[in-house]
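Engineer: Here it is, the structure, as structure tokens.
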Amino acid sequence: MNHDRSRDLYDRALSAIPGGVNSSVRAIRPYPFFVQRGDGGHVVDADGNRYLDFVNGYGPLLYGHDLPDQVQAAVQSAVSEGPMYGAPTEVEVDLAEFVARHVPSVEMTRFVNSGTEATVSAVRLARGYTGRDKIVVMQGGYHGAQESTLVEGDVEDHGPSTAGIPEEFAEHTLPVPFNDFDAIHEAFEAHGDDIAAVLTEPLLGNSGIVMPEDGYLETLRDVTEDRGALLIFDEVITGFRVGGLQCAQGKFGVTPDVTTFGKIVGGGFPVGAIGGPAEIIEEFTPSGDVFQSGTFSGHPVTMAAGYESLKYAAENDVYEHVNELGEKLRRDLTEIIHDQAPQYTVAGTDSMFKVMFTREGPDATEGHCEAGCEQRPDCPRYDYCPKNAADVADCDTERWERLFWPAMKERGVFLTPNQFESQFVSYAHTEEDVETALDAYREAL
Ligand SMILES: *Cc1c(COP(=O)(O)O)cnc(C)c1O
């Protein structure tokens with residue numbers, strides 16, 4: 001593959017943009033390929049190389065790069081009527097009503113412009129609503145580039161995970177390991193009266209893919225309810241992907257108080273949202289006392305793209321298609337791993353998938369999870385599969401990033417560039433694409 005033009009573009013970018021990119025994860029070494037355009041389930045780079053795209057914008061693209069005609073038409077029409085107004089439009093109401101109709105915990109939604117903005121607002125809302133300061137988060141959980149959640153450590157000893165955040169901010173954030181039943185009880189024993197909310201992804205989607213153990217989300221629900229704290233599900237990745245239109249909360253049957261959305265709900269345009277029962281969401285200004293505002297919030301182009309995308313998914317076989325391909329990928333990858341690298345773990349659900357380079361596996365694999373780790377205690381891999389972010393960090397992450405990712409890229413398959421970020425199947429992908437990907441895995445693993 002020739003990368004001359006990408007190389008030249010990165011040369012220019014390094015002088016004009018810090019690190020040459022506008023989001024840190026894109027800074028693939030030695031330099032990223034620059035995308036020229038999308039083409040269905042593929043992207044084409046600046047040198048004309050074509051890749052099967054399982055990054056899908058890191059999650060927002062349910063349809064890949066081929067928007068259904070009615071989505072395309074709604075977007076074009078919103079753009080041509082003038083991009084935005086600073087006054088409400090009908091399509092915001094359409095989308096909010098659609099979300100309320102399909103997502104179990106949601107009556108009302110406030111739209112914002114990014115997942116980060118959604119989690120910032122949700123944390124402020126929880127603090128304002130409960131009159132408490134502390135929030136519990138999962139170690140290795142990701143809630144965007146925000147002060148309250150860029151925190152590492154444990155309940156008793158924690159601090160900012162990046163420069164630029166005062167220690168005092170981190171003081172109010174209590175990180176616990178995902179899937180650790182004791183740790184959540186201990187956090188509430190030590191700080192229960194001060195905890196405004198538990199904020200978690202329903203499955204870890206930014207730290208490998210780690211499914212909740214049986215009963216874990218229910219435990220979070222029970223503890224928060226008992227102690228007067230809110231349960232916030234960050235469904236920025238899982239929303240309108242895992243569990244289809246009912247989202248992960250519907251799939252897992254656990255109803256949070258507040259849900260944050262992003263990615264798919266904007267149909268590929270910048271978006272975030274905070275949803276929940278009216279009693280809580282109306283705490284936002286102007287109906288309530290928790291300040292929340294945004295020049296671009298409820299942007300007509302985004303709202304049109306989001307509404308038409310979700311409506312299309314409701315009326316067509318979109319989730320069947322992506323989930324079937326996801327299942328096939330995970331099932332066949334499990335077979336490949338069985339033959340070639342039995343210590344590795346295949347993870348994911350619905351249209352999410354990832355191979356995690358776990359360092360040890362069982363001798364016998366009979367009766368194991370067949371299409372992605374489900375954290376089933378009777379699975380022979382159970383003692384080896386990652387249960388939390390620390391387990392994922394213990395994987396052979398260097399091999400994944402330095403050897404495996406480039407080998408897949410050379411074979412024309414674009415994966416997220418490290419062990420940690422999820423990969424996604426889109427509606428534009430075909431069975432043939434999946435076979436192509438599986439062949440690449442066979443050669444690269
Ligand atoms: C992507 C993501 C975010 C941040 O969303 P941005 O739009 O990048 O700000 C927050 N939470 C989760 C779970 C995400 O996957």
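Naming works like this for the structure tokens: A, B, ... for the chains as they're shown, residue 1 at the start of each chain, ligands 1 onward in shown order.
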Set the distance at 10 Å and use only C-alpha atoms: which residues neighbour Ser161 in chain A once local chain neighbours fewer than 6 positions away are removed? I'd like the list as JSON, numbers by chain.

Structural biologist: {"A": [147, 149, 150, 151, 152, 153, 170]}

Engineer: Produce as a ChimeraX atom specification the set of residues near ligand 1, where near means within 6 Å with only C-alpha atoms and all ligand atoms considered.

Structural biologist: /A:114-116,142-144,201,234-237,262

Engineer: Please produce a file of those selected residues containing N, CA, C and O atoms, as a PDB file, in the first residue's frame.

Structural biologist:
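Dumped everything to out.pdb:
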```
ATOM      1  N   SER A 114     -22.460  16.519  22.301  1.00  0.00           N
ATOM      2  CA  SER A 114     -21.472  15.436  22.336  1.00  0.00           C
ATOM      3  C   SER A 114     -21.793  14.535  23.516  1.00  0.00           C
ATOM      4  O   SER A 114     -22.532  14.922  24.434  1.00  0.00           O
ATOM      5  N   GLY A 115     -21.218  13.343  23.479  1.00  0.00           N
ATOM      6  CA  GLY A 115     -21.363  12.432  24.604  1.00  0.00           C
ATOM      7  C   GLY A 115     -20.763  13.031  25.858  1.00  0.00           C
ATOM      8  O   GLY A 115     -21.301  12.896  26.962  1.00  0.00           O
ATOM      9  N   THR A 116     -19.638  13.712  25.684  1.00  0.00           N
ATOM     10  CA  THR A 116     -18.996  14.378  26.813  1.00  0.00           C
ATOM     11  C   THR A 116     -19.952  15.368  27.468  1.00  0.00           C
ATOM     12  O   THR A 116     -20.144  15.363  28.694  1.00  0.00           O
ATOM     13  N   TYR A 142     -15.378   4.932  30.306  1.00  0.00           N
ATOM     14  CA  TYR A 142     -15.097   6.199  29.627  1.00  0.00           C
ATOM     15  C   TYR A 142     -16.380   6.999  29.480  1.00  0.00           C
ATOM     16  O   TYR A 142     -17.404   6.470  29.043  1.00  0.00           O
ATOM     17  N   HIS A 143     -16.312   8.263  29.877  1.00  0.00           N
ATOM     18  CA  HIS A 143     -17.492   9.128  29.787  1.00  0.00           C
ATOM     19  C   HIS A 143     -17.162  10.439  29.092  1.00  0.00           C
ATOM     20  O   HIS A 143     -17.780  11.463  29.358  1.00  0.00           O
ATOM     21  N   GLY A 144     -16.152  10.390  28.225  1.00  0.00           N
ATOM     22  CA  GLY A 144     -15.764  11.576  27.485  1.00  0.00           C
ATOM     23  C   GLY A 144     -14.682  12.348  28.208  1.00  0.00           C
ATOM     24  O   GLY A 144     -14.186  11.937  29.260  1.00  0.00           O
ATOM     25  N   GLU A 201     -21.183   2.631  32.114  1.00  0.00           N
ATOM     26  CA  GLU A 201     -21.684   2.027  30.878  1.00  0.00           C
ATOM     27  C   GLU A 201     -22.319   0.690  31.280  1.00  0.00           C
ATOM     28  O   GLU A 201     -21.779  -0.002  32.139  1.00  0.00           O
ATOM     29  N   ASP A 234     -24.489   5.269  31.061  1.00  0.00           N
ATOM     30  CA  ASP A 234     -23.908   5.972  29.926  1.00  0.00           C
ATOM     31  C   ASP A 234     -24.067   5.062  28.708  1.00  0.00           C
ATOM     32  O   ASP A 234     -23.297   4.125  28.507  1.00  0.00           O
ATOM     33  N   GLU A 235     -25.091   5.338  27.934  1.00  0.00           N
ATOM     34  CA  GLU A 235     -25.383   4.537  26.741  1.00  0.00           C
ATOM     35  C   GLU A 235     -24.931   5.261  25.468  1.00  0.00           C
ATOM     36  O   GLU A 235     -25.528   5.106  24.398  1.00  0.00           O
ATOM     37  N   VAL A 236     -23.872   6.050  25.591  1.00  0.00           N
ATOM     38  CA  VAL A 236     -23.374   6.765  24.410  1.00  0.00           C
ATOM     39  C   VAL A 236     -22.952   5.768  23.318  1.00  0.00           C
ATOM     40  O   VAL A 236     -23.244   5.978  22.143  1.00  0.00           O
ATOM     41  N   ILE A 237     -22.321   4.666  23.717  1.00  0.00           N
ATOM     42  CA  ILE A 237     -21.975   3.628  22.725  1.00  0.00           C
ATOM     43  C   ILE A 237     -23.112   2.637  22.527  1.00  0.00           C
ATOM     44  O   ILE A 237     -23.455   2.282  21.407  1.00  0.00           O
ATOM     45  N   GLY A 262     -25.462   9.440  22.836  1.00  0.00           N
ATOM     46  CA  GLY A 262     -24.592  10.194  21.920  1.00  0.00           C
ATOM     47  C   GLY A 262     -24.516   9.371  20.649  1.00  0.00           C
ATOM     48  O   GLY A 262     -25.405   8.588  20.343  1.00  0.00           O
TER      49      GLY A 262
END
```

Engineer: Using backbone DSSP assignments, extract all alpha helix (DSSP H) residues from range 233-438 of chain A; output them as a PyMOL selection string.

Structural biologist: chain A and resi 247-252+278-281+300-315+318-340+389-393+397-398+405-410+431-438

Engineer: So which one's closest to Val242 in chain A, A:Thr285, A:Asn22, A:Gln146, A:Ser351? Using only C-alpha atoms, please.

Structural biologist: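 Nearest candidate to Val242 in chain A out of A:Thr285, A:Asn22, A:Gln146, A:Ser351: A:Ser351.
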
Engineer: Which residue is closest to Gly250 in chain A? Choose from A:His102, A:Arg227, A:Arg376, A:Arg132 and count only C-alpha atoms.

Structural biologist: A:His102

Engineer: Compare A:Cys373, A:Ala305, A:Met352, A:Val210 by their minimum atom-to-atom distance to Asp391 in chain A, counting only C-alpha atoms, and give me the closest one.

Structural biologist: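 Using only C-alpha atoms, Asp391 in chain A sits closest to A:Val210.
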
Engineer: Find the residue from A:Gly298, A:Gly275, A:Gly348, A:Pro342 that sits nearest to Ser121 in chain A; use only C-alpha atoms when measuring.

Structural biologist: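 Nearest candidate to Ser121 in chain A out of A:Gly298, A:Gly275, A:Gly348, A:Pro342: A:Gly275.
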
Engineer: If we count only C-alpha atoms and set the cut-off at 9 Å, which residues sit around Leu95 in chain A, ignoring sequence neighbours fewer than 6 positions away in its own chain? Please answer as a list in words.

Structural biologist: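 In the requested form, the answer reads Thr109, Val265, Met303, Ala304, Gly306, Tyr307, Glu308 and Leu310 of chain A.
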
Engineer: How would the residues just picked look written out with N, CA and C atoms as a CSV table (one decimal), in the first residue's frame?

Structural biologist:
```
chain,number,residue,atom,x,y,z
A,109,THR,N,-36.2,14.1,27.2
A,109,THR,CA,-34.8,14.2,26.7
A,109,THR,C,-34.3,15.6,26.5
A,265,VAL,N,-27.5,8.3,18.1
A,265,VAL,CA,-28.8,9.1,18.2
A,265,VAL,C,-28.7,10.4,17.3
A,303,MET,N,-30.7,16.7,14.4
A,303,MET,CA,-32.0,16.1,14.8
A,303,MET,C,-32.6,15.4,13.6
A,304,ALA,N,-32.5,16.0,12.5
A,304,ALA,CA,-33.1,15.3,11.3
A,304,ALA,C,-32.4,14.0,11.0
A,306,GLY,N,-30.7,12.1,13.1
A,306,GLY,CA,-31.0,11.2,14.1
A,306,GLY,C,-32.4,10.6,14.0
A,307,TYR,N,-33.3,11.5,13.8
A,307,TYR,CA,-34.7,11.0,13.8
A,307,TYR,C,-35.0,10.1,12.6
A,308,GLU,N,-34.5,10.5,11.4
A,308,GLU,CA,-34.7,9.7,10.2
A,308,GLU,C,-34.0,8.3,10.3
A,310,LEU,N,-33.2,6.6,13.1
A,310,LEU,CA,-33.9,5.7,14.0
A,310,LEU,C,-35.2,5.2,13.4
```

Engineer: Skipping near chain neighbours, those fewer than 2 positions away, what residues fall within 12 Å of Asp4 in chain A using only C-alpha atoms, listed as a PyMOL selection string?

Structural biologist: chain A and resi 1-2+6-11+31-34+45-49

Engineer: Which value, in Å to one decimal, gives the distance between CA of Tyr344 in chain A and CA of Asp383 in chain A?

Structural biologist: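 Computing it gives 12.7 Å between the two atoms.
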
Engineer: Find the distance between CA of Ser297 in chain A and CA of Val75 in chain A and write it in Å to one decimal.

Structural biologist: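 According to the coordinates, CA of Ser297 in chain A and CA of Val75 in chain A are separated by 16.3 Å.
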
Engineer: Tell me, in Å to one decimal, how far CA of Gly64 in chain A is from CA of Phe269 in chain A.

Structural biologist: 12.9 Å

Engineer: In terms of the shortest atom-to-atom distance over only C-alpha atoms, which of A:His321, A:Arg359, A:Arg381, A:His185 is closest to Ala347 in chain A?

Structural biologist: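 Smallest distance to Ala347 in chain A is found for A:Arg381.
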
Engineer: Between A:Gly41, A:Pro202, A:Gly128, A:Gly276, which has the minimum distance to Phe424 in chain A (counting only C-alpha atoms)?

Structural biologist: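 Nearest candidate to Phe424 in chain A out of A:Gly41, A:Pro202, A:Gly128, A:Gly276: A:Gly41.
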